[in-house]
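A.B. asks: Dropping a structure here in structure tokens format, bear with me for questions.
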Amino acid sequence: ARMADGEVVTVENYLTDTHNVLVREGQQIILCVDAPENIEPYYTIYNYNRQPVLLALIGVFLMLMLLVGGKKGVHAAIAILFTLLFLLRVTLPAIYSGASPLLWGFLTVILSTLVTLVLLHGFTRQCVLGFMVTMAGECAACALFAVFSSLLHLTGLQTENAEGLLLIAQSTGMQVRTLLFTGMMLASLGAVMDVAVSILSALREVAAA
């Protein structure tokens, strides 16, 4: 395998039921490099390099939004990009460094909702109502999740990735126990906002008629 810096390394690729990254000549892959101090590096094949295809898929998605939605599509695309960048550049690093996942998750929900609705509707009554209804829906979703996750004993620590998260928490102070709740809060935002805006639009048309 030829690495990004031009170095050529030999890697034995063992194929199993769980590790089945079949590599062909000329294919781009992701290498995992284990290089402890004073020990020769050990290389393993981690996974396929899916970045070019994912970027192409995102490009097609944005193009369709622009073609179908026109100006609204542009604003919606900007709102999505803002949410992704804020989540990746601000929220996740803050949580990783030990900040409260609940606080940063809630701030992300508020900012994403505000930016999206302002871009789509401007500073109008529709925007204010959309924000209020979306926040009410988020509170309802969070309350339902809190009740039923308690009844079902869901903590997020029973997953296969929990051990890795606990190891990270030991060195960074990351608060693991509220990650599942925060993830649900962020994941439900899209559905809650979509339903809120759709119902408000329908009610506005009824009122206008």
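Within each chain, counting starts at residue 1; across the structure tokens, chains are named A, B, ... in the order shown, with ligands numbered 1 upward in that order.
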Applying 12 Å and only C-alpha atoms, which residues near A:Phe86 remain after dropping the ones on its own chain fewer than 3 positions away? List them as a list in words.
C.D. replies: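 In the requested format, the answer is Ala79, Ile80, Leu81, Phe82, Thr83, Arg89, Val90, Thr91, Leu92, Pro93, Ala94, Trp104, Gly105, Leu107, Thr108, Val109, Ile110, Leu111, Ser112 and Val115 of chain A.
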A.B. asks: Give me a file of those residues, with N, CA and C atoms, as a PDB file, in the first residue's frame.
C.D. replies:
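File part-v6.pdb, as written:
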ATOM      1  N   ALA A  79     -28.924  26.433   5.602  1.00  0.00           N
ATOM      2  CA  ALA A  79     -29.295  26.065   6.971  1.00  0.00           C
ATOM      3  C   ALA A  79     -28.719  24.702   7.348  1.00  0.00           C
ATOM      4  N   ILE A  80     -28.770  23.754   6.420  1.00  0.00           N
ATOM      5  CA  ILE A  80     -28.216  22.422   6.684  1.00  0.00           C
ATOM      6  C   ILE A  80     -26.707  22.501   6.887  1.00  0.00           C
ATOM      7  N   LEU A  81     -26.023  23.250   6.025  1.00  0.00           N
ATOM      8  CA  LEU A  81     -24.570  23.395   6.150  1.00  0.00           C
ATOM      9  C   LEU A  81     -24.195  24.070   7.468  1.00  0.00           C
ATOM     10  N   PHE A  82     -24.962  25.092   7.862  1.00  0.00           N
ATOM     11  CA  PHE A  82     -24.688  25.752   9.137  1.00  0.00           C
ATOM     12  C   PHE A  82     -24.813  24.771  10.295  1.00  0.00           C
ATOM     13  N   THR A  83     -25.884  23.980  10.283  1.00  0.00           N
ATOM     14  CA  THR A  83     -26.104  23.019  11.370  1.00  0.00           C
ATOM     15  C   THR A  83     -24.979  21.997  11.434  1.00  0.00           C
ATOM     16  N   ARG A  89     -17.890  21.480  14.401  1.00  0.00           N
ATOM     17  CA  ARG A  89     -16.811  22.383  14.810  1.00  0.00           C
ATOM     18  C   ARG A  89     -16.960  22.920  16.225  1.00  0.00           C
ATOM     19  N   VAL A  90     -18.184  22.968  16.725  1.00  0.00           N
ATOM     20  CA  VAL A  90     -18.410  23.591  18.036  1.00  0.00           C
ATOM     21  C   VAL A  90     -18.970  22.590  19.044  1.00  0.00           C
ATOM     22  N   THR A  91     -20.117  21.984  18.720  1.00  0.00           N
ATOM     23  CA  THR A  91     -20.801  21.142  19.696  1.00  0.00           C
ATOM     24  C   THR A  91     -20.001  19.899  20.064  1.00  0.00           C
ATOM     25  N   LEU A  92     -19.599  19.119  19.075  1.00  0.00           N
ATOM     26  CA  LEU A  92     -18.874  17.879  19.371  1.00  0.00           C
ATOM     27  C   LEU A  92     -17.536  18.118  20.072  1.00  0.00           C
ATOM     28  N   PRO A  93     -16.716  19.098  19.625  1.00  0.00           N
ATOM     29  CA  PRO A  93     -15.475  19.367  20.379  1.00  0.00           C
ATOM     30  C   PRO A  93     -15.745  19.790  21.823  1.00  0.00           C
ATOM     31  N   ALA A  94     -16.795  20.578  22.049  1.00  0.00           N
ATOM     32  CA  ALA A  94     -17.110  21.001  23.412  1.00  0.00           C
ATOM     33  C   ALA A  94     -17.506  19.810  24.275  1.00  0.00           C
ATOM     34  N   TRP A 104     -25.058  21.877  25.424  1.00  0.00           N
ATOM     35  CA  TRP A 104     -24.632  22.131  24.049  1.00  0.00           C
ATOM     36  C   TRP A 104     -25.604  21.542  23.038  1.00  0.00           C
ATOM     37  N   GLY A 105     -26.236  20.431  23.380  1.00  0.00           N
ATOM     38  CA  GLY A 105     -27.261  19.890  22.498  1.00  0.00           C
ATOM     39  C   GLY A 105     -28.445  20.833  22.380  1.00  0.00           C
ATOM     40  N   LEU A 107     -28.415  24.131  22.944  1.00  0.00           N
ATOM     41  CA  LEU A 107     -27.983  25.322  22.204  1.00  0.00           C
ATOM     42  C   LEU A 107     -27.965  25.052  20.700  1.00  0.00           C
ATOM     43  N   THR A 108     -27.513  23.867  20.310  1.00  0.00           N
ATOM     44  CA  THR A 108     -27.486  23.501  18.889  1.00  0.00           C
ATOM     45  C   THR A 108     -28.887  23.453  18.311  1.00  0.00           C
ATOM     46  N   VAL A 109     -29.824  22.891  19.072  1.00  0.00           N
ATOM     47  CA  VAL A 109     -31.214  22.823  18.632  1.00  0.00           C
ATOM     48  C   VAL A 109     -31.784  24.229  18.430  1.00  0.00           C
ATOM     49  N   ILE A 110     -31.540  25.119  19.391  1.00  0.00           N
ATOM     50  CA  ILE A 110     -32.072  26.483  19.302  1.00  0.00           C
ATOM     51  C   ILE A 110     -31.480  27.225  18.103  1.00  0.00           C
ATOM     52  N   LEU A 111     -30.148  27.185  17.962  1.00  0.00           N
ATOM     53  CA  LEU A 111     -29.508  27.912  16.862  1.00  0.00           C
ATOM     54  C   LEU A 111     -29.903  27.345  15.504  1.00  0.00           C
ATOM     55  N   SER A 112     -29.942  26.031  15.392  1.00  0.00           N
ATOM     56  CA  SER A 112     -30.316  25.416  14.120  1.00  0.00           C
ATOM     57  C   SER A 112     -31.742  25.786  13.728  1.00  0.00           C
ATOM     58  N   VAL A 115     -31.816  29.648  12.744  1.00  0.00           N
ATOM     59  CA  VAL A 115     -31.197  29.913  11.448  1.00  0.00           C
ATOM     60  C   VAL A 115     -32.069  29.372  10.313  1.00  0.00           C
TER      61      VAL A 115
END
A.B. asks: If we count only C-alpha atoms, what is near A:Ile29 at a cut-off of 12 Å, once residues fewer than 4 positions away on the same chain are taken out, given as number ranges by chain?
C.D. replies: A: 1-4, 11, 13, 21-25, 44-52
A.B. asks: Taking 6 positions as the minimum chain separation for residues in the same chain, which residues sit within 10 Å of A:Asp34 when counting only C-alpha atoms? Answer as a PyMOL selection string.
C.D. replies: chain A and resi 40-44
A.B. asks: Give me a file of those residues, with C-alpha atoms, as an mmCIF file, in the first residue's frame.
C.D. replies:
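See again.cif below for the written result:
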data_model
loop_
_atom_site.group_PDB
_atom_site.id
_atom_site.type_symbol
_atom_site.label_atom_id
_atom_site.label_comp_id
_atom_site.auth_asym_id
_atom_site.auth_seq_id
_atom_site.Cartn_x
_atom_site.Cartn_y
_atom_site.Cartn_z
ATOM 1 C CA GLU A 40 8.151 -0.685 14.576
ATOM 2 C CA PRO A 41 4.753 0.586 13.323
ATOM 3 C CA TYR A 42 2.024 -1.971 12.746
ATOM 4 C CA TYR A 43 -0.412 -1.372 9.877
ATOM 5 C CA THR A 44 -3.896 -2.791 9.440
#
A.B. asks: One decimal, in Å: what's the spacing between atom CA of A:Val133 and atom CA of A:Phe145?
C.D. replies: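 Separating atom CA of A:Val133 from atom CA of A:Phe145 is a distance of 18.3 Å.
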A.B. asks: Can you list, as an NGL selection string, all residues belonging to chain A that DSSP tags as strand (DSSP E or B)?
C.D. replies: :A and (2 or 8 or 29-34 or 42-48)
A.B. asks: Dump C-alpha atoms for the selected residues as a compact mmCIF listing (two decimals), in the first residue's frame?
C.D. replies:
# COMPACT_ATOMS: atom_id res chain seq x y z
CA ARG A 2 1.26 3.49 -0.87
CA VAL A 8 5.13 2.09 0.60
CA ILE A 29 -8.41 2.63 1.55
CA ILE A 30 -7.97 3.86 5.12
CA LEU A 31 -4.99 2.41 7.01
CA CYS A 32 -4.85 2.14 10.78
CA VAL A 33 -1.32 2.88 12.02
CA ASP A 34 -0.31 1.62 15.46
CA TYR A 42 2.02 -1.97 12.75
CA TYR A 43 -0.41 -1.37 9.88
CA THR A 44 -3.90 -2.79 9.44
CA ILE A 45 -6.62 -2.09 6.89
CA TYR A 46 -9.37 -0.14 8.62
CA ASN A 47 -11.97 0.42 5.91
CA TYR A 48 -12.69 1.65 2.40
A.B. asks: List the spatial neighbours of stretch 179-181 of chain A as an MDAnalysis selection string - criterion: any atom at most 10 Å away, only C-alpha atoms, same-chain residues fewer than 6 positions off excluded.
C.D. replies: chainID A and resid 95 100:102 105 142 145:146 149 154:157 165 187
A.B. asks: Convert the current residue selection to file output with N, CA, C and O atoms, as a short mmCIF file (atom, residue, chain, number, x, y, z; two decimals), in the first residue's frame.
C.D. replies:
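Okay, this is what ended up in out-v5.cif:
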data_model
loop_
_atom_site.label_atom_id
_atom_site.label_comp_id
_atom_site.auth_asym_id
_atom_site.auth_seq_id
_atom_site.Cartn_x
_atom_site.Cartn_y
_atom_site.Cartn_z
N ILE A 95 -18.35 18.93 23.73
CA ILE A 95 -18.76 17.73 24.48
C ILE A 95 -17.56 16.83 24.73
O ILE A 95 -17.40 16.28 25.83
N SER A 100 -21.08 20.12 29.14
CA SER A 100 -22.35 19.43 29.31
C SER A 100 -22.99 19.09 27.96
O SER A 100 -23.31 20.00 27.18
N PRO A 101 -23.19 17.80 27.65
CA PRO A 101 -23.86 17.44 26.39
C PRO A 101 -25.27 18.00 26.30
O PRO A 101 -25.71 18.41 25.22
N LEU A 102 -25.99 18.03 27.43
CA LEU A 102 -27.36 18.54 27.42
C LEU A 102 -27.39 20.02 27.06
O LEU A 102 -28.20 20.46 26.24
N GLY A 105 -26.24 20.43 23.38
CA GLY A 105 -27.26 19.89 22.50
C GLY A 105 -28.44 20.83 22.38
O GLY A 105 -28.96 21.08 21.28
N CYS A 142 -38.36 15.14 24.24
CA CYS A 142 -37.39 14.91 25.32
C CYS A 142 -38.06 14.33 26.55
O CYS A 142 -37.53 13.43 27.20
N PHE A 145 -38.93 10.70 25.89
CA PHE A 145 -37.73 9.87 25.91
C PHE A 145 -37.23 9.67 27.34
O PHE A 145 -36.81 8.59 27.72
N ALA A 146 -37.27 10.74 28.14
CA ALA A 146 -36.81 10.64 29.52
C ALA A 146 -37.63 9.62 30.30
O ALA A 146 -37.09 8.80 31.05
N SER A 149 -37.11 5.95 28.54
CA SER A 149 -35.75 5.43 28.71
C SER A 149 -35.52 5.00 30.16
O SER A 149 -34.78 4.04 30.42
N LEU A 154 -32.68 2.41 29.57
CA LEU A 154 -31.79 2.73 28.46
C LEU A 154 -30.83 3.82 28.90
O LEU A 154 -31.24 4.93 29.23
N THR A 155 -29.55 3.49 28.89
CA THR A 155 -28.53 4.48 29.28
C THR A 155 -27.52 4.75 28.17
O THR A 155 -26.77 5.72 28.24
N GLY A 156 -27.48 3.88 27.17
CA GLY A 156 -26.47 4.00 26.12
C GLY A 156 -25.17 3.32 26.48
O GLY A 156 -24.26 3.22 25.65
N LEU A 157 -25.06 2.81 27.72
CA LEU A 157 -23.83 2.15 28.16
C LEU A 157 -23.85 0.66 27.87
O LEU A 157 -22.89 -0.04 28.21
N LEU A 165 -16.04 4.84 24.65
CA LEU A 165 -16.44 6.15 25.15
C LEU A 165 -15.96 6.36 26.59
O LEU A 165 -15.53 7.45 26.96
N ALA A 187 -31.31 14.27 17.06
CA ALA A 187 -31.87 13.45 15.99
C ALA A 187 -33.34 13.75 15.74
O ALA A 187 -33.82 13.65 14.60
#
A.B. asks: Separation of atom CA of A:Cys139 and atom CA of A:Ala169, in Å?
C.D. replies: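 Straight-line distance from atom CA of A:Cys139 to atom CA of A:Ala169 works out to 27.7 Å.
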A.B. asks: Between A:Ala99, A:Val118, A:Ala208, A:Ala35, which is the closest to A:Lys72 once you count only C-alpha atoms?
C.D. replies: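 With only C-alpha atoms as the atom set, the closest residue is A:Val118.
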A.B. asks: Which neighbours of A:Ile78 fall inside 12 Å, counting only C-alpha atoms, when residues of the same chain fewer than 6 positions from it are skipped, and could you give them as number ranges by chain?
C.D. replies: A: 62, 65-66, 71-72, 84-85, 112, 115-120
A.B. asks: So that I have them on file, write out the residues from the current selection with N, CA and C atoms, as a CSV table (one decimal), in the first residue's frame.
C.D. replies:
chain,number,residue,atom,x,y,z
A,62,LEU,N,-27.5,18.5,-2.9
A,62,LEU,CA,-27.6,19.9,-2.9
A,62,LEU,C,-28.1,20.5,-4.3
A,65,MET,N,-31.8,20.0,-4.4
A,65,MET,CA,-32.4,21.0,-3.6
A,65,MET,C,-32.5,22.4,-4.3
A,66,LEU,N,-31.5,22.7,-5.1
A,66,LEU,CA,-31.5,24.0,-5.8
A,66,LEU,C,-32.4,23.9,-7.0
A,71,LYS,N,-35.0,29.4,-4.7
A,71,LYS,CA,-34.4,30.3,-3.7
A,71,LYS,C,-34.6,29.6,-2.3
A,72,LYS,N,-35.7,29.0,-2.1
A,72,LYS,CA,-36.0,28.3,-0.8
A,72,LYS,C,-35.0,27.2,-0.6
A,84,LEU,N,-24.6,21.5,10.3
A,84,LEU,CA,-23.5,20.5,10.3
A,84,LEU,C,-22.2,21.1,10.8
A,85,LEU,N,-21.8,22.3,10.3
A,85,LEU,CA,-20.6,22.9,10.7
A,85,LEU,C,-20.6,23.2,12.2
A,112,SER,N,-29.9,26.0,15.4
A,112,SER,CA,-30.3,25.4,14.1
A,112,SER,C,-31.7,25.8,13.7
A,115,VAL,N,-31.8,29.6,12.7
A,115,VAL,CA,-31.2,29.9,11.4
A,115,VAL,C,-32.1,29.4,10.3
A,116,THR,N,-32.6,28.2,10.5
A,116,THR,CA,-33.4,27.5,9.4
A,116,THR,C,-34.7,28.4,9.2
A,117,LEU,N,-35.4,28.7,10.2
A,117,LEU,CA,-36.7,29.4,10.1
A,117,LEU,C,-36.5,30.8,9.6
A,118,VAL,N,-35.4,31.5,10.0
A,118,VAL,CA,-35.2,32.9,9.6
A,118,VAL,C,-34.8,32.9,8.1
A,119,LEU,N,-34.0,31.9,7.7
A,119,LEU,CA,-33.6,31.8,6.3
A,119,LEU,C,-34.9,31.5,5.4
A,120,LEU,N,-35.8,30.7,5.9
A,120,LEU,CA,-36.9,30.2,5.1
A,120,LEU,C,-38.1,31.3,5.1
A.B. asks: Using only C-alpha atoms for the distances, tell me which of A:Leu67, A:Cys127, A:Met185, A:Ile168 is nearest to A:Leu144.
C.D. replies: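 Nearest to A:Leu144: A:Met185.
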A.B. asks: Would you please work out which residue, of A:Ser188, A:Thr113, A:Ser97, A:Ser150, is nearest to A:Thr172 when using only C-alpha atoms?
C.D. replies: A:Ser97
A.B. asks: Let me make sure I understand: among A:Val206, A:Ala77, A:Val147, A:Leu103, which one has the smallest atom-to-atom distance to A:Met63 if we use only C-alpha atoms?
C.D. replies: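 Ranking A:Val206, A:Ala77, A:Val147, A:Leu103 by distance to A:Met63, first place goes to A:Ala77.
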A.B. asks: Can you list, as a ChimeraX atom specification, every protein, DNA or RNA residue that comes within 10 Å of A:Ser201 when you count only C-alpha atoms, leaving out same-chain residues fewer than 5 positions away?
C.D. replies: /A:126,130,195-196,206-207
A.B. asks: Next, dump the selected residues to file, keeping only N, CA and C atoms, as an mmCIF file, in the first residue's frame.
C.D. replies:
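Contents of result.cif, freshly written:
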data_model
loop_
_atom_site.group_PDB
_atom_site.id
_atom_site.type_symbol
_atom_site.label_atom_id
_atom_site.label_comp_id
_atom_site.auth_asym_id
_atom_site.auth_seq_id
_atom_site.Cartn_x
_atom_site.Cartn_y
_atom_site.Cartn_z
ATOM 1 N N GLN A 126 -44.701 34.030 11.038
ATOM 2 C CA GLN A 126 -44.587 32.603 10.741
ATOM 3 C C GLN A 126 -43.312 32.022 11.340
ATOM 4 N N GLY A 130 -43.252 29.230 14.185
ATOM 5 C CA GLY A 130 -42.530 27.994 13.873
ATOM 6 C C GLY A 130 -41.508 27.654 14.942
ATOM 7 N N VAL A 195 -42.638 18.613 10.906
ATOM 8 C CA VAL A 195 -44.065 18.514 11.243
ATOM 9 C C VAL A 195 -44.611 19.879 11.658
ATOM 10 N N ALA A 196 -43.842 20.604 12.473
ATOM 11 C CA ALA A 196 -44.296 21.913 12.947
ATOM 12 C C ALA A 196 -44.529 22.874 11.786
ATOM 13 N N VAL A 206 -55.554 27.684 5.689
ATOM 14 C CA VAL A 206 -56.942 27.606 6.111
ATOM 15 C C VAL A 206 -57.419 28.961 6.621
ATOM 16 N N ALA A 207 -56.565 29.619 7.429
ATOM 17 C CA ALA A 207 -56.932 30.932 7.962
ATOM 18 C C ALA A 207 -57.086 31.950 6.838
#
A.B. asks: Counting only C-alpha atoms, which of A:Gln175, A:Leu186, A:Leu151, A:Gly122 gets nearest to A:Glu138?
C.D. replies: A:Leu186
A.B. asks: Expressed in Å to a single decimal, how great is the separation between atom CA of A:Leu87 and atom CA of A:Ile199?
C.D. replies: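 Separating atom CA of A:Leu87 from atom CA of A:Ile199 is a distance of 27.1 Å.
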